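Chemist: Below: one structure in C-alpha cells.
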Amino acid sequence: MNQPVPHLGTLANRVKDRLIQQAIERRSKSIDQEAEASVSSPLSLNTIPQKWTRFDQHPGYQRYKLIKDGAQKIGVASPFFQEFDSVSSATIEIQGKTLINFSGYNYLGLSGHPEINRAASAAIEQYGTSVSASRIVSGERAIHRELETKLAQIYEVDDSLVMVSGHATTVSTIGYLFGPRDLILHDALIHNCAVEGAKLSGAKRLSFPHNDWQALDQILSRCRSEYERVCIVIEGLYSMDGDFPDAPKFIEIKKKHGAFLMIDEAHSLGVLGQAGLGIKEHFGINPRDVDIWMGTLSKALASCGGYIAGEQALIDNLKFAAPGFVYSVGIAPPLAAAALSAIALLIKEPDRVKKLQARGNYFVEQTRKHGINTGLSCGFSIIPAITGSSLRAARLSHAMKNHGINVQPILYPAVSEKAARLRFFMSCDHSEEQIDKAVSALALEWRRI
Ligand SMILES: Cc1ncc(COP(=O)(O)O)c(C=O)c1O
C-alpha cells in the first residue's frame, strides 16, 4: 500500500526532502515487488497483465515518474537534458549567459581546439562524415589504422582497435570474450559498461569492495578453481570518486590466480602520470602486465568512441568477432581525426596535464577547508561533493547555477542514495579565480541547503 505524502506547504525543506525521499523509497520497493510478482494461472490474450503490454507500466518508467513527480512536489527543477549553446570547457554558454563549467570531461581543453577542429574538417573533406560500412566490409580507412597504431604506441602493446562508443567497447569485449563457465570480478564502483558486458557474457559476476585487492585475493583463493577464465575489471581513475587503484597490487593478484586484468582508462588517459599517459605511467608498471587496456576517446581526447589495446591475439580476435566491432559501422572519420590530433597535442603540450593536475589539487584542498565531503578524491580531475541525498544534490546544483556555476548532480540510481553528490570535472583551462568563485558558492550553499 502506498502511504500518502503529508501536505508539504508548511514544512521546512529538510523535512520535506526526507518525507519525499521516504515516499519514493517505499514506492520504489513496491514497484520492484509488483514487477517480480508472477502470474500463476495460464494466460489467454484477455488475461495478460497490462504491465506486460504497456510501456507506461514498465517498472523503469514508473520509477522515473515517481522521481519526477517527487521533485516537482518540492519545486526542484530537473537538472537533466538542459540545452547548452557552446563547447563544454572551463566555461559554457546557456541562453546568452556564460557559466563557469564543471560538467564536462574536456580535461585538457582539447574539444573545440582550433587544431583539432581543422583535423576533423580535413577528414570530412577527404572521407565524408561516415565510412558507411563496418570496417571489415568496405568501411576501413587509413585514418583508422593510424589512430589504432598511435594508441598501441601509447600503451606500448602490440595493437589496438577502435569502436564507435566507449560503453559499447566494454560491453562487446567482455560480452564476447567470456562465457557461462567464466567469472567476472569487478570493483564495486565499476562503471556500468563492465556490468552490462558481464551480464551479456553469461559469466558469473561478483564485485569486491572498492579498491580492496586483499578482498579480491580472498575471493579468488576461495573460488578460482570453480571457473575457467577469470577477468578482474578495475578503472584507472574512478569516474564517480576520482580515486585510483593500487595497480601493481592488482597485477600481483591476477598473476597469483591466473586471471586476466582489464583496466578502464576512460578518465585516466590524459590525466594520470607526468605526461598524462595514464595509470601505467603513474605507477611505472609494465604495460604488458595488464591484459586488456580499455579507454574512451570521449574524455581527454575530445572525440567519441572507445578502444581496446593489448596483445595481437586479443586484438585480432576482437576484430573478427566482437559484435560491437564486426556488426557496427567504423568510427566516423572526423572523430578518428579529432582523437589523433588530440593525442598529438597531448604529447606536444605536456603542460596541459600539469595544469590540470594542479587545478584539481587546488580545488580539492580548498573544498576540504570548508568541511565539504569530497570522499576519496585524489584531486586529479574528478571531485565529488557528497551530499548524501539526491534531493539535496539536485537543490545544490540548482543553487550553484544562480551563482553562475554549472555542476551536475549525480542522483540515485546512478549512485546509492547516501552517495548522491555533485560531481566537479576539472579542466586545465580553469583559472584559480574561477575555482575560488565556485568553492565559495559551494561552501555558502552547502551550509544553506
Ligand atoms: C569509466 C567509464 N568507462 C566507460 C565509459 C563510456 O564511455 P563513452 O561515454 O565514451 O561511451 C564512461 C563514460 O562516462 C566511463 O566513465
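Convention: chains lettered A, B, ... in C-alpha cells order; per-chain residue numbering from 1; ligands numbered from 1 as shown.
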Per residue of chain A within 8 Å of ligand 1, note the shortest atom pair and the distance in Å to one decimal, counting only C-alpha atoms and all ligand atoms, and order the rows by chain and increasing residue number, as a tab-separated table.
Modeler:
residue	atom	partner	partner_atom_place_in_ligand_line	distance
A:Ser165	CA	ligand 1	11 (O)	4.6
A:Gly166	CA	ligand 1	11 (O)	3.4
A:His167	CA	ligand 1	11 (O)	3.9
A:Ala168	CA	ligand 1	11 (O)	6.6
A:Thr169	CA	ligand 1	11 (O)	7.8
A:Thr170	CA	ligand 1	4 (C)	7.3
A:Ile190	CA	ligand 1	1 (C)	7.1
A:His191	CA	ligand 1	1 (C)	5.0
A:Asn192	CA	ligand 1	3 (N)	7.6
A:Cys193	CA	ligand 1	4 (C)	6.1
A:Ala194	CA	ligand 1	3 (N)	7.9
A:Glu235	CA	ligand 1	1 (C)	6.3
A:Leu237	CA	ligand 1	1 (C)	7.6
A:Tyr238	CA	ligand 1	1 (C)	6.4
A:Ser239	CA	ligand 1	16 (O)	4.9
A:Met240	CA	ligand 1	16 (O)	7.8
A:Asp264	CA	ligand 1	3 (N)	6.0
A:Glu265	CA	ligand 1	1 (C)	6.9
A:Ala266	CA	ligand 1	2 (C)	5.0
A:His267	CA	ligand 1	1 (C)	6.3
A:Gly295	CA	ligand 1	4 (C)	6.9
A:Thr296	CA	ligand 1	10 (O)	4.7
A:Leu297	CA	ligand 1	10 (O)	6.0
A:Ser298	CA	ligand 1	10 (O)	4.6
A:Lys299	CA	ligand 1	10 (O)	6.9
A:Cys304	CA	ligand 1	10 (O)	5.8
A:Gly305	CA	ligand 1	10 (O)	5.5
A:Gly306	CA	ligand 1	10 (O)	6.0
Chemist: Could you pull out the strand (DSSP E or B) residues of segment 146-342 of chain A, going by DSSP on the backbone, and write them as a ChimeraX atom specification?
Modeler: /A:159-163,183-187,204-208,230-235,260-264,292-296,306-310
Chemist: Using only C-alpha atoms, which residues sit within 12 Å of Gly96 of chain A once same-chain residues fewer than 4 positions away are excluded, as a list in words?
Modeler: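 Counting only the stated atoms, we get Glu83, Phe84, Asp85, Ser86 and Ile92 of chain A.
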Chemist: Convert the current residue selection to file output with N, CA and C atoms, as an mmCIF file, in the first residue's frame.
Modeler:
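Written out: again-v1.cif:
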data_model
loop_
_atom_site.group_PDB
_atom_site.id
_atom_site.type_symbol
_atom_site.label_atom_id
_atom_site.label_comp_id
_atom_site.auth_asym_id
_atom_site.auth_seq_id
_atom_site.Cartn_x
_atom_site.Cartn_y
_atom_site.Cartn_z
ATOM 1 N N GLU A 83 19.772 22.392 -22.513
ATOM 2 C CA GLU A 83 20.475 22.648 -23.778
ATOM 3 C C GLU A 83 21.496 23.761 -23.593
ATOM 4 N N PHE A 84 22.737 23.443 -23.894
ATOM 5 C CA PHE A 84 23.806 24.442 -23.846
ATOM 6 C C PHE A 84 24.163 24.839 -25.277
ATOM 7 N N ASP A 85 24.826 26.004 -25.400
ATOM 8 C CA ASP A 85 24.993 26.548 -26.751
ATOM 9 C C ASP A 85 26.450 26.635 -27.203
ATOM 10 N N SER A 86 27.377 26.042 -26.452
ATOM 11 C CA SER A 86 28.785 26.232 -26.824
ATOM 12 C C SER A 86 29.592 24.978 -26.522
ATOM 13 N N ILE A 92 30.852 27.585 -20.173
ATOM 14 C CA ILE A 92 29.847 27.053 -21.106
ATOM 15 C C ILE A 92 28.725 28.081 -21.208
#
Chemist: With only C-alpha atoms as the atoms that count, which of A:Val164, A:Leu99, A:Leu442, A:Ile234 lies nearest to Trp213 of chain A?
Modeler: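 Using only C-alpha atoms, Trp213 of chain A sits closest to A:Ile234.
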Chemist: Within 12 Å of Gln72 of chain A, counting only C-alpha atoms, which residues show up once you throw out same-chain ones fewer than 4 positions away? Write them as a list in words, please.
Modeler: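 My list of contacting residues is Leu8, Asp17, Ile20, Lys65, Leu66, Ile67, Lys68, Val76, Ala77, Ser78, Pro79, Leu391, Ala394 and Arg395 of chain A.
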Chemist: Could you save the residues just selected, with C-alpha atoms, as a PDB file, in the first residue's frame?
Modeler:
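Resulting contents of selection25.pdb:
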ATOM      1  CA  LEU A   8       4.110  19.886   2.275  1.00  0.00           C
ATOM      2  CA  ASP A  17      13.059  16.288   1.411  1.00  0.00           C
ATOM      3  CA  ILE A  20       9.530  12.791  -0.201  1.00  0.00           C
ATOM      4  CA  LYS A  65       7.721   9.158 -12.992  1.00  0.00           C
ATOM      5  CA  LEU A  66       7.967   8.717  -9.259  1.00  0.00           C
ATOM      6  CA  ILE A  67      11.193  10.698  -9.029  1.00  0.00           C
ATOM      7  CA  LYS A  68       9.975  13.361 -11.472  1.00  0.00           C
ATOM      8  CA  VAL A  76      13.202  21.134  -7.684  1.00  0.00           C
ATOM      9  CA  ALA A  77      13.712  21.744 -11.413  1.00  0.00           C
ATOM     10  CA  SER A  78      15.006  18.795 -13.433  1.00  0.00           C
ATOM     11  CA  PRO A  79      18.773  19.081 -13.911  1.00  0.00           C
ATOM     12  CA  LEU A 391      17.191  15.915  -3.416  1.00  0.00           C
ATOM     13  CA  ALA A 394      19.583  18.492  -7.025  1.00  0.00           C
ATOM     14  CA  ARG A 395      18.862  21.600  -4.921  1.00  0.00           C
TER      15      ARG A 395
END
Chemist: List the neighbours of Lys199 of chain A out to 10 Å using only C-alpha atoms; skip same-chain residues closer than 6 positions along the sequence, and give me the result as a list in words.
Modeler: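 Final neighbour list, sorted by chain and number: Val171, Ile174, Gly175, Gly179, Pro180, Ile184, Cys193 and Arg205 of chain A.
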Chemist: Work out how far apart atom CA of Pro59 of chain A and atom CA of Leu411 of chain A are and give it in Å to one decimal.
Modeler: 18.1 Å
